[in-house]
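Chemist: Below you'll find entry_7.pdb; it's PDB, C-alpha atoms.
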```
ATOM      1  CA  MET C   1       0.000   0.000   0.000
ATOM      2  CA  LYS C   2       2.736   2.452   0.910
ATOM      3  CA  GLY C   3       4.663   1.774  -2.292
ATOM      4  CA  LYS C   4       1.584   2.373  -4.413
ATOM      5  CA  ARG C   5       0.768   5.575  -2.581
ATOM      6  CA  ASN C   6       4.288   6.905  -3.127
ATOM      7  CA  GLN C   7       3.988   6.029  -6.808
ATOM      8  CA  GLY C   8       0.732   7.962  -6.980
ATOM      9  CA  ILE C   9       2.189  11.017  -5.272
ATOM     10  CA  ARG C  10       5.085  11.078  -7.743
ATOM     11  CA  LEU C  11       2.690  10.874 -10.675
ATOM     12  CA  LEU C  12       0.591  13.705  -9.258
ATOM     13  CA  ALA C  13       3.654  15.948  -9.258
ATOM     14  CA  VAL C  14       4.411  14.940 -12.830
ATOM     15  CA  PHE C  15       0.853  15.663 -13.965
ATOM     16  CA  ALA C  16       0.977  19.099 -12.413
ATOM     17  CA  MET C  17       4.173  19.822 -14.310
ATOM     18  CA  LEU C  18       2.520  18.646 -17.515
ATOM     19  CA  LEU C  19       0.184  21.634 -17.524
ATOM     20  CA  VAL C  20       3.109  24.013 -17.924
ATOM     21  CA  CYS C  21       4.657  21.878 -20.650
ATOM     22  CA  LEU C  22       1.425  21.574 -22.604
ATOM     23  CA  CYS C  23       1.109  25.342 -22.574
ATOM     24  CA  ALA C  24       4.496  25.549 -24.273
ATOM     25  CA  CYS C  25       3.778  22.738 -26.735
ATOM     26  CA  GLY C  26       0.309  23.735 -27.869
ATOM     27  CA  LYS C  27       0.239  25.628 -31.173
ATOM     28  CA  ASP C  28      -3.220  27.036 -30.540
ATOM     29  CA  SER C  29      -4.040  28.350 -27.083
ATOM     30  CA  LYS C  30      -7.736  27.476 -27.456
ATOM     31  CA  ASP C  31      -7.234  23.995 -28.891
ATOM     32  CA  PRO C  32      -3.744  22.462 -28.683
ATOM     33  CA  LYS C  33      -4.788  19.626 -31.021
ATOM     34  CA  LYS C  34      -6.040  21.910 -33.800
ATOM     35  CA  ASN C  35      -2.788  22.209 -35.747
ATOM     36  CA  LEU C  36      -1.294  18.823 -34.945
ATOM     37  CA  PRO C  37      -0.377  16.672 -37.974
ATOM     38  CA  THR C  38      -1.476  13.080 -38.478
ATOM     39  CA  SER C  39      -0.734  10.039 -40.595
ATOM     40  CA  GLU C  40      -3.163   7.924 -42.588
ATOM     41  CA  GLY C  41      -5.252   5.668 -40.387
ATOM     42  CA  PHE C  42      -4.950   7.954 -37.345
ATOM     43  CA  THR C  43      -6.665  11.034 -35.967
ATOM     44  CA  ASN C  44      -4.413  13.763 -34.620
ATOM     45  CA  ASP C  45      -5.245  12.932 -31.017
ATOM     46  CA  VAL C  46      -3.938   9.322 -31.280
ATOM     47  CA  LEU C  47      -0.178   8.866 -31.193
ATOM     48  CA  MET C  48       0.102   5.092 -31.495
ATOM     49  CA  ARG C  49      -1.612   1.730 -31.149
ATOM     50  CA  VAL C  50      -0.323  -1.261 -29.209
ATOM     51  CA  GLY C  51      -2.167  -4.468 -29.961
ATOM     52  CA  GLY C  52      -5.099  -2.456 -31.279
ATOM     53  CA  VAL C  53      -5.309  -0.230 -28.190
ATOM     54  CA  ASP C  54      -5.092   3.496 -28.929
ATOM     55  CA  VAL C  55      -2.655   5.670 -27.001
ATOM     56  CA  SER C  56      -3.697   9.305 -27.037
ATOM     57  CA  TYR C  57      -1.395  12.242 -27.641
ATOM     58  CA  ALA C  58      -2.312  13.634 -24.210
ATOM     59  CA  GLU C  59      -1.468  10.355 -22.468
ATOM     60  CA  ALA C  60       1.886  10.085 -24.237
ATOM     61  CA  ASN C  61       2.692  13.648 -23.231
ATOM     62  CA  ILE C  62       2.139  12.813 -19.589
ATOM     63  CA  TYR C  63       4.690  10.007 -19.806
ATOM     64  CA  LEU C  64       7.052  12.226 -21.796
ATOM     65  CA  GLN C  65       7.006  14.993 -19.214
ATOM     66  CA  SER C  66       7.547  12.488 -16.407
ATOM     67  CA  MET C  67      10.746  11.385 -18.119
ATOM     68  CA  ARG C  68      11.698  14.973 -18.914
ATOM     69  CA  GLU C  69      11.375  15.973 -15.265
ATOM     70  CA  GLU C  70      13.683  13.160 -14.157
ATOM     71  CA  VAL C  71      16.345  14.006 -16.745
ATOM     72  CA  GLU C  72      16.354  17.761 -16.114
ATOM     73  CA  ALA C  73      16.593  17.195 -12.361
ATOM     74  CA  LEU C  74      19.832  15.299 -12.973
ATOM     75  CA  TYR C  75      21.401  17.086 -15.932
ATOM     76  CA  GLY C  76      19.638  20.412 -16.450
ATOM     77  CA  SER C  77      17.608  21.661 -19.404
ATOM     78  CA  GLU C  78      20.653  22.184 -21.643
ATOM     79  CA  ILE C  79      21.021  18.448 -22.263
ATOM     80  CA  TRP C  80      18.342  18.052 -24.933
ATOM     81  CA  ASP C  81      20.279  19.296 -27.966
ATOM     82  CA  LEU C  82      23.526  17.523 -27.059
ATOM     83  CA  LYS C  83      24.527  14.733 -29.462
ATOM     84  CA  PHE C  84      24.985  11.363 -27.774
ATOM     85  CA  THR C  85      25.665   8.933 -30.622
ATOM     86  CA  SER C  86      28.160   8.653 -33.441
ATOM     87  CA  GLU C  87      25.277   9.306 -35.831
ATOM     88  CA  GLY C  88      24.592  12.648 -34.150
ATOM     89  CA  LYS C  89      21.418  11.604 -32.345
ATOM     90  CA  THR C  90      20.427  14.134 -29.692
ATOM     91  CA  TYR C  91      19.414  13.296 -26.151
ATOM     92  CA  SER C  92      15.948  14.573 -27.019
ATOM     93  CA  ALA C  93      15.653  11.940 -29.766
ATOM     94  CA  LEU C  94      16.968   9.257 -27.436
ATOM     95  CA  MET C  95      14.314  10.160 -24.875
ATOM     96  CA  LYS C  96      11.583   9.762 -27.494
ATOM     97  CA  ASP C  97      12.912   6.262 -28.162
ATOM     98  CA  ARG C  98      12.652   5.562 -24.446
ATOM     99  CA  LEU C  99       9.126   6.988 -24.423
ATOM    100  CA  LEU C 100       8.090   4.577 -27.158
ATOM    101  CA  GLU C 101       9.563   1.669 -25.212
ATOM    102  CA  LYS C 102       7.895   2.777 -21.970
ATOM    103  CA  ILE C 103       4.410   3.134 -23.440
ATOM    104  CA  THR C 104       4.740  -0.138 -25.330
ATOM    105  CA  TYR C 105       5.827  -1.852 -22.108
ATOM    106  CA  ILE C 106       2.928  -0.485 -20.032
ATOM    107  CA  LYS C 107       0.271  -1.345 -22.608
ATOM    108  CA  LEU C 108       1.691  -4.767 -23.394
ATOM    109  CA  VAL C 109       2.052  -5.795 -19.750
ATOM    110  CA  CYS C 110      -1.548  -4.724 -19.166
ATOM    111  CA  HIS C 111      -2.459  -7.136 -22.008
ATOM    112  CA  MET C 112      -0.470  -9.823 -20.214
ATOM    113  CA  ALA C 113      -2.543  -9.200 -17.080
ATOM    114  CA  ASP C 114      -5.526 -10.905 -18.728
ATOM    115  CA  GLU C 115      -3.440 -13.949 -19.638
ATOM    116  CA  PHE C 116      -2.299 -14.342 -16.039
ATOM    117  CA  ASP C 117      -5.659 -13.360 -14.549
ATOM    118  CA  VAL C 118      -4.254 -10.328 -12.727
ATOM    119  CA  LYS C 119      -6.786  -7.736 -11.652
ATOM    120  CA  LEU C 120      -6.723  -4.679  -9.436
ATOM    121  CA  GLY C 121      -7.994  -5.348  -5.930
ATOM    122  CA  ALA C 122     -10.244  -3.143  -3.858
ATOM    123  CA  ASP C 123      -7.303  -1.363  -2.237
ATOM    124  CA  ASP C 124      -5.730  -0.740  -5.637
ATOM    125  CA  ILE C 125      -8.926   0.799  -6.972
ATOM    126  CA  LEU C 126      -9.340   2.995  -3.902
ATOM    127  CA  ASN C 127      -5.806   4.274  -4.316
ATOM    128  CA  VAL C 128      -6.288   4.963  -8.029
ATOM    129  CA  ASN C 129      -9.483   6.870  -7.311
ATOM    130  CA  ASP C 130      -7.758   8.828  -4.564
ATOM    131  CA  TYR C 131      -4.838   9.808  -6.796
ATOM    132  CA  THR C 132      -7.191  10.759  -9.612
ATOM    133  CA  GLN C 133      -9.299  13.024  -7.437
ATOM    134  CA  GLN C 134      -6.231  14.630  -5.887
ATOM    135  CA  TYR C 135      -4.952  15.516  -9.324
ATOM    136  CA  LEU C 136      -8.273  16.799 -10.658
ATOM    137  CA  SER C 137      -8.808  18.947  -7.575
ATOM    138  CA  GLY C 138      -5.581  20.775  -8.432
ATOM    139  CA  ILE C 139      -6.699  22.018 -11.870
ATOM    140  CA  THR C 140      -9.562  24.139 -13.118
ATOM    141  CA  GLU C 141     -12.329  22.917 -15.400
ATOM    142  CA  GLU C 142     -11.134  25.373 -18.040
ATOM    143  CA  THR C 143      -7.589  23.966 -17.933
ATOM    144  CA  ALA C 144      -8.833  20.381 -18.177
ATOM    145  CA  LYS C 145     -10.987  21.222 -21.187
ATOM    146  CA  LYS C 146      -8.257  23.220 -22.913
ATOM    147  CA  TYR C 147      -5.692  20.405 -22.753
ATOM    148  CA  GLY C 148      -7.953  17.390 -23.074
ATOM    149  CA  ILE C 149      -7.298  16.212 -19.522
ATOM    150  CA  THR C 150     -10.224  14.080 -18.451
ATOM    151  CA  GLU C 151     -10.960  12.097 -15.330
ATOM    152  CA  ASP C 152     -11.017   8.924 -17.418
ATOM    153  CA  LEU C 153      -7.551   9.680 -18.833
ATOM    154  CA  ILE C 154      -5.966  10.279 -15.438
ATOM    155  CA  ARG C 155      -7.636   7.238 -13.932
ATOM    156  CA  SER C 156      -6.588   5.133 -16.909
ATOM    157  CA  ILE C 157      -2.931   6.096 -16.498
ATOM    158  CA  TYR C 158      -2.956   5.239 -12.805
ATOM    159  CA  ASN C 159      -4.761   1.976 -13.548
ATOM    160  CA  ASP C 160      -2.255   0.975 -16.190
ATOM    161  CA  ASN C 161       0.806   1.665 -14.046
ATOM    162  CA  VAL C 162      -0.511  -0.105 -10.966
ATOM    163  CA  LEU C 163      -1.757  -3.035 -13.039
ATOM    164  CA  ALA C 164       1.546  -3.361 -14.898
ATOM    165  CA  GLU C 165       3.504  -3.457 -11.635
ATOM    166  CA  LYS C 166       1.098  -5.975 -10.122
ATOM    167  CA  THR C 167       1.327  -8.146 -13.245
ATOM    168  CA  TYR C 168       5.107  -8.105 -13.098
ATOM    169  CA  ARG C 169       5.101  -9.184  -9.458
ATOM    170  CA  THR C 170       2.530 -11.907 -10.107
ATOM    171  CA  ILE C 171       4.371 -13.370 -13.086
ATOM    172  CA  THR C 172       7.736 -13.367 -11.337
ATOM    173  CA  LEU C 173       6.333 -15.438  -8.479
ATOM    174  CA  ASN C 174       6.948 -18.362 -10.854
ATOM    175  CA  ALA C 175      10.561 -17.409 -11.523
ATOM    176  CA  ASP C 176      13.388 -19.662 -10.381
ATOM    177  CA  THR C 177      15.224 -17.320  -8.012
ATOM    178  CA  SER C 178      17.552 -19.864  -6.445
ATOM    179  CA  TYR C 179      21.148 -18.750  -5.960
ATOM    180  CA  SER C 180      24.247 -19.929  -4.159
ATOM    181  CA  GLU C 181      25.388 -18.361  -0.903
ATOM    182  CA  ILE C 182      28.833 -17.891  -2.404
ATOM    183  CA  GLU C 183      27.622 -15.499  -5.093
ATOM    184  CA  VAL C 184      25.754 -13.194  -2.699
ATOM    185  CA  LEU C 185      28.091 -13.309   0.303
ATOM    186  CA  ARG C 186      29.587  -9.911   1.101
ATOM    187  CA  ALA C 187      32.517  -9.587   3.509
ATOM    188  CA  LYS C 188      34.158  -6.523   5.011
ATOM    189  CA  PHE C 189      37.913  -6.080   4.744
ATOM    190  CA  TYR C 190      40.467  -3.472   5.750
ATOM    191  CA  TYR C 191      43.465  -3.395   3.455
ATOM    192  CA  ILE C 192      46.807  -1.868   2.611
ATOM    193  CA  TYR C 193      47.590  -1.081  -1.005
ATOM    194  CA  LEU C 194      50.930  -0.221  -2.612
ATOM    195  CA  LYS C 195      50.995   0.734  -6.283
ATOM    196  CA  ASN C 196      53.527  -0.829  -8.656
ATOM    197  CA  TYR C 197      53.823   2.019 -11.144
ATOM    198  CA  TYR C 198      54.822   5.659 -11.474
ATOM    199  CA  GLU C 199      52.180   8.163 -12.500
ATOM    200  CA  ASP C 200      52.832  11.570 -14.054
ATOM    201  CA  ALA C 201      50.728  14.728 -13.791
ATOM    202  CA  ASP C 202      48.634  13.654 -16.789
ATOM    203  CA  GLY C 203      47.789  10.276 -15.280
ATOM    204  CA  ASN C 204      50.113   8.289 -17.527
ATOM    205  CA  LYS C 205      51.438   5.158 -15.832
ATOM    206  CA  THR C 206      54.911   3.659 -16.087
ATOM    207  CA  PRO C 207      55.366   0.179 -14.542
ATOM    208  CA  PHE C 208      58.058  -0.311 -11.905
ATOM    209  CA  THR C 209      61.321  -1.922 -13.000
ATOM    210  CA  ASP C 210      62.353  -5.283 -11.555
ATOM    211  CA  ALA C 211      64.592  -3.470  -9.076
ATOM    212  CA  ASP C 212      61.709  -1.199  -8.074
ATOM    213  CA  MET C 213      59.490  -4.237  -7.548
ATOM    214  CA  GLN C 214      62.023  -5.903  -5.286
ATOM    215  CA  THR C 215      62.166  -2.746  -3.157
ATOM    216  CA  LEU C 216      58.361  -2.609  -3.106
ATOM    217  CA  ARG C 217      58.063  -6.221  -1.966
ATOM    218  CA  THR C 218      60.539  -5.594   0.853
ATOM    219  CA  LYS C 219      58.510  -2.558   1.935
ATOM    220  CA  ALA C 220      55.269  -4.592   1.838
ATOM    221  CA  ASP C 221      56.831  -7.363   3.955
ATOM    222  CA  GLY C 222      57.776  -4.742   6.520
ATOM    223  CA  TYR C 223      54.250  -3.340   6.547
ATOM    224  CA  LEU C 224      52.849  -6.842   6.979
ATOM    225  CA  ALA C 225      55.056  -7.487   9.995
ATOM    226  CA  SER C 226      54.094  -4.148  11.534
ATOM    227  CA  ALA C 227      50.394  -4.762  10.825
ATOM    228  CA  LYS C 228      50.517  -8.086  12.650
ATOM    229  CA  GLY C 229      51.982  -6.358  15.666
ATOM    230  CA  ALA C 230      49.588  -3.410  15.592
ATOM    231  CA  GLN C 231      46.636  -3.325  17.951
ATOM    232  CA  ASP C 232      44.445  -1.684  15.312
ATOM    233  CA  PHE C 233      44.962  -2.741  11.684
ATOM    234  CA  TYR C 234      42.521  -0.123  10.399
ATOM    235  CA  ASN C 235      44.364   2.871  11.863
ATOM    236  CA  TYR C 236      47.764   1.442  10.961
ATOM    237  CA  ALA C 237      46.652   0.871   7.358
ATOM    238  CA  LYS C 238      45.593   4.527   7.075
ATOM    239  CA  THR C 239      49.180   5.608   7.804
ATOM    240  CA  VAL C 240      50.812   3.542   5.041
ATOM    241  CA  THR C 241      48.301   2.751   2.290
ATOM    242  CA  GLU C 242      48.426   4.390  -1.121
ATOM    243  CA  ALA C 243      44.704   3.888  -1.707
ATOM    244  CA  GLY C 244      42.042   6.483  -1.036
ATOM    245  CA  SER C 245      40.344   4.171   1.458
ATOM    246  CA  VAL C 246      41.323   1.292   3.717
ATOM    247  CA  GLU C 247      37.899  -0.356   3.884
ATOM    248  CA  MET C 248      35.866  -2.377   1.391
ATOM    249  CA  THR C 249      32.746  -4.501   1.558
ATOM    250  CA  VAL C 250      32.807  -6.830  -1.424
ATOM    251  CA  GLY C 251      31.735 -10.110  -2.929
ATOM    252  CA  ARG C 252      34.082 -12.648  -4.475
ATOM    253  CA  ALA C 253      33.446 -11.371  -7.995
ATOM    254  CA  ASP C 254      34.555  -7.876  -6.984
ATOM    255  CA  LEU C 255      38.143  -8.933  -6.332
ATOM    256  CA  LYS C 256      40.851 -10.088  -8.709
ATOM    257  CA  THR C 257      41.677 -13.799  -8.631
ATOM    258  CA  ASN C 258      44.681 -13.719  -6.272
ATOM    259  CA  SER C 259      43.025 -11.307  -3.850
ATOM    260  CA  ARG C 260      39.747 -13.216  -3.932
ATOM    261  CA  THR C 261      41.366 -16.514  -3.005
ATOM    262  CA  ALA C 262      43.431 -15.031  -0.185
ATOM    263  CA  ALA C 263      40.893 -12.594   1.289
ATOM    264  CA  PHE C 264      37.902 -14.942   1.417
ATOM    265  CA  ALA C 265      40.007 -17.665   3.052
ATOM    266  CA  LEU C 266      40.496 -15.413   6.095
ATOM    267  CA  LYS C 267      38.612 -15.731   9.355
ATOM    268  CA  LYS C 268      37.563 -12.655  11.264
ATOM    269  CA  GLY C 269      40.626 -10.899  12.694
ATOM    270  CA  GLU C 270      43.120 -12.668  10.403
ATOM    271  CA  ILE C 271      45.613 -10.942   8.104
ATOM    272  CA  SER C 272      46.578 -12.203   4.660
ATOM    273  CA  ARG C 273      50.015 -12.538   3.152
ATOM    274  CA  VAL C 274      51.229  -9.907   0.677
ATOM    275  CA  ILE C 275      49.222 -10.425  -2.510
ATOM    276  CA  GLU C 276      50.448  -9.337  -5.933
ATOM    277  CA  GLU C 277      48.013  -8.090  -8.549
ATOM    278  CA  GLU C 278      48.490  -6.305 -11.863
ATOM    279  CA  ASP C 279      48.025  -2.884 -10.281
ATOM    280  CA  GLY C 280      50.056  -3.391  -7.101
ATOM    281  CA  LEU C 281      50.422  -5.200  -3.780
ATOM    282  CA  TYR C 282      47.683  -5.817  -1.231
ATOM    283  CA  ILE C 283      47.440  -6.912   2.403
ATOM    284  CA  PHE C 284      43.944  -7.802   3.674
ATOM    285  CA  PHE C 285      42.488  -7.905   7.184
ATOM    286  CA  CYS C 286      39.134  -9.632   7.640
ATOM    287  CA  ALA C 287      36.836  -7.343   9.638
ATOM    288  CA  GLU C 288      33.654  -9.365   9.004
ATOM    289  CA  GLU C 289      33.428 -12.742   7.281
ATOM    290  CA  LYS C 290      29.834 -11.886   6.442
ATOM    291  CA  ASP C 291      28.473  -8.358   6.367
ATOM    292  CA  GLU C 292      24.805  -9.051   7.120
ATOM    293  CA  ALA C 293      23.327  -5.863   5.655
ATOM    294  CA  ALA C 294      25.399  -5.970   2.480
ATOM    295  CA  THR C 295      24.725  -9.685   1.986
ATOM    296  CA  GLN C 296      20.993  -9.172   2.395
ATOM    297  CA  ALA C 297      21.083  -6.345  -0.157
ATOM    298  CA  ALA C 298      23.010  -8.605  -2.550
ATOM    299  CA  GLU C 299      20.449 -11.383  -2.052
ATOM    300  CA  GLU C 300      17.575  -9.027  -2.865
ATOM    301  CA  ALA C 301      19.385  -7.691  -5.912
ATOM    302  CA  ARG C 302      20.089 -11.208  -7.166
ATOM    303  CA  ILE C 303      16.467 -12.273  -6.716
ATOM    304  CA  GLU C 304      15.301  -9.185  -8.597
ATOM    305  CA  GLU C 305      17.853  -9.852 -11.351
ATOM    306  CA  LEU C 306      16.624 -13.432 -11.802
ATOM    307  CA  SER C 307      12.999 -12.307 -11.645
ATOM    308  CA  ARG C 308      13.576  -9.607 -14.246
ATOM    309  CA  ALA C 309      15.344 -12.063 -16.586
ATOM    310  CA  TYR C 310      12.423 -14.505 -16.292
ATOM    311  CA  PHE C 311       9.875 -11.787 -16.951
ATOM    312  CA  ASN C 312      11.823 -10.285 -19.863
ATOM    313  CA  ALA C 313      11.932 -13.620 -21.638
ATOM    314  CA  LEU C 314       8.130 -13.823 -21.511
ATOM    315  CA  TYR C 315       7.720 -10.160 -22.389
ATOM    316  CA  ASP C 316       9.921 -10.443 -25.484
ATOM    317  CA  LYS C 317       7.799 -13.332 -26.757
ATOM    318  CA  TRP C 318       4.624 -11.309 -26.258
ATOM    319  CA  LYS C 319       6.080  -8.235 -27.909
ATOM    320  CA  ALA C 320       7.158 -10.222 -30.979
ATOM    321  CA  ASN C 321       3.521 -11.154 -31.634
ATOM    322  CA  VAL C 322       1.895  -7.773 -31.026
ATOM    323  CA  LYS C 323       1.326  -5.166 -33.735
ATOM    324  CA  ILE C 324       2.680  -1.744 -32.812
ATOM    325  CA  GLU C 325       1.567   1.153 -35.028
ATOM    326  CA  LEU C 326       2.869   4.717 -34.866
ATOM    327  CA  ASN C 327       1.266   7.946 -36.052
ATOM    328  CA  GLN C 328       4.574   8.949 -37.627
ATOM    329  CA  ALA C 329       3.628  12.516 -38.557
ATOM    330  CA  LEU C 330       2.445  13.273 -35.027
ATOM    331  CA  TRP C 331       5.432  11.431 -33.531
ATOM    332  CA  ASP C 332       7.880  13.494 -35.586
ATOM    333  CA  ALA C 333       6.183  16.705 -34.492
ATOM    334  CA  MET C 334       6.101  15.751 -30.799
TER     335      MET C 334
END
```
Output the file's structure as structure tokens, nothing else.
Modeler:
Amino acid sequence: MKGKRNQGIRLLAVFAMLLVCLCACGKDSKDPKKNLPTSEGFTNDVLMRVGGVDVSYAEANIYLQSMREEVEALYGSEIWDLKFTSEGKTYSALMKDRLLEKITYIKLVCHMADEFDVKLGADDILNVNDYTQQYLSGITEETAKKYGITEDLIRSIYNDNVLAEKTYRTITLNADTSYSEIEVLRAKFYYIYLKNYYEDADGNKTPFTDADMQTLRTKADGYLASAKGAQDFYNYAKTVTEAGSVEMTVGRADLKTNSRTAAFALKKGEISRVIEEEDGLYIFFCAEEKDEAATQAAEEARIEELSRAYFNALYDKWKANVKIELNQALWDAM
């Protein structure tokens, strides 16, 4: 319930922002649809069809402005005309591609809801109605009429998003989300790092000579001996390391082969030997054999990854058999 309510509140903010954007996009202040172009087989208020279901221009704009708000919050409004591909495609064009994918996804997953007998429950419907009324209470009748914003449209958008999320969760209940403890285990280590290269002001690296490496190994052996005698490895490591940090919480896959084997063989409180990697020498201290919070987060991420892969396989099959039609003239002008 809380997650759905937060989703609704976010959409309400997006819808409110849409009013400003529609004012800027409309070519006729009395009827924003009046001068919009269209392609054969479409009216100028329908942007696309997914499996025979019409998607209105107004509905697509709501999704577009939601995405626009997120991007501008991160990168500012200057990003739209920047070219992001070797072919010179702007970020604005890339976002329209994302919009097409997003709308297709929502509509198609709502189709899938029927196949898997997923329906909105009483609580879902109450929330959708609540969000719809909250939004409508924030605009005037004149504004709603001017921009084609109807109660049915707003309710439909909320319905679709809640239903799509519920369908995803229902379908993924059948996913095989088994995993090994080894792949999700996260341990906490303190470590000392010594680089095996010189670096100039421009960041160019020159590997140590054999003589340099012998000196480095002798230094590392001395640090190892001192670390074993220190009461506090963490504070000692801070005085000698050449890394920006002396702490890491990692899984096996996050470490290079030599470090992985040595570090994850340690028990809590144990110190490794000096380990050589391509980028330098390491000495590890095991602070926690299993970091509970990090391991739990890794477990949840792995389950979601497996669930998403299962769902995507089904989704791709559905998408391959659904006809998607685009009002190209209106799309180009959007």
Chemist: For each of C:Tyr63, C:Val322, C:Val55, C:Lys96, take the minimum atom-to-atom distance to Met334 (chain C), counting all atoms listed in the file, then give the residue where this is smallest.
Modeler: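 Counting all atoms listed in the file, the residue closest to Met334 (chain C) is C:Lys96.
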Chemist: Exactly which residues make up the result of the PyMOL selection byres ((chain C and resi 251-265) around 12) on this file, given as a PyMOL selection string?
Modeler: chain C and resi 181-191+193+248-250+266-291+294-295+297-299
Chemist: Given the choices C:Gly52, C:Gly41, C:His111, C:Met213, which gets closest to Thr167 (chain C) if the distance is worked out from all atoms listed in the file?
Modeler: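 Closest candidate: C:His111.
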Chemist: In terms of the shortest atom-to-atom distance over all atoms listed in the file, which of C:Val162, C:Tyr105, C:Glu141, C:Ile154 is closest to Asp124 (chain C)?
Modeler: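 The closest residue to Asp124 (chain C) is C:Val162.
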Chemist: Hey, could you pull the box centre and edge lengths for region 177-182 of chain C, axis-aligned, 6 Å padding per side, all listed atoms, to one decimal in Å, as lines of an AutoDock Vina configuration file?
Modeler:
```
center_x = 22.0
center_y = -18.6
center_z = -4.5
size_x = 25.6
size_y = 14.6
size_z = 19.1
```
Chemist: As a check of understanding, name the residues that the PyMOL selection byres ((chain C and resi 308-310) around 12) selects in the supplied structure, as an MDAnalysis selection string.
Modeler: chainID C and resid 168:177 301:307 311:317
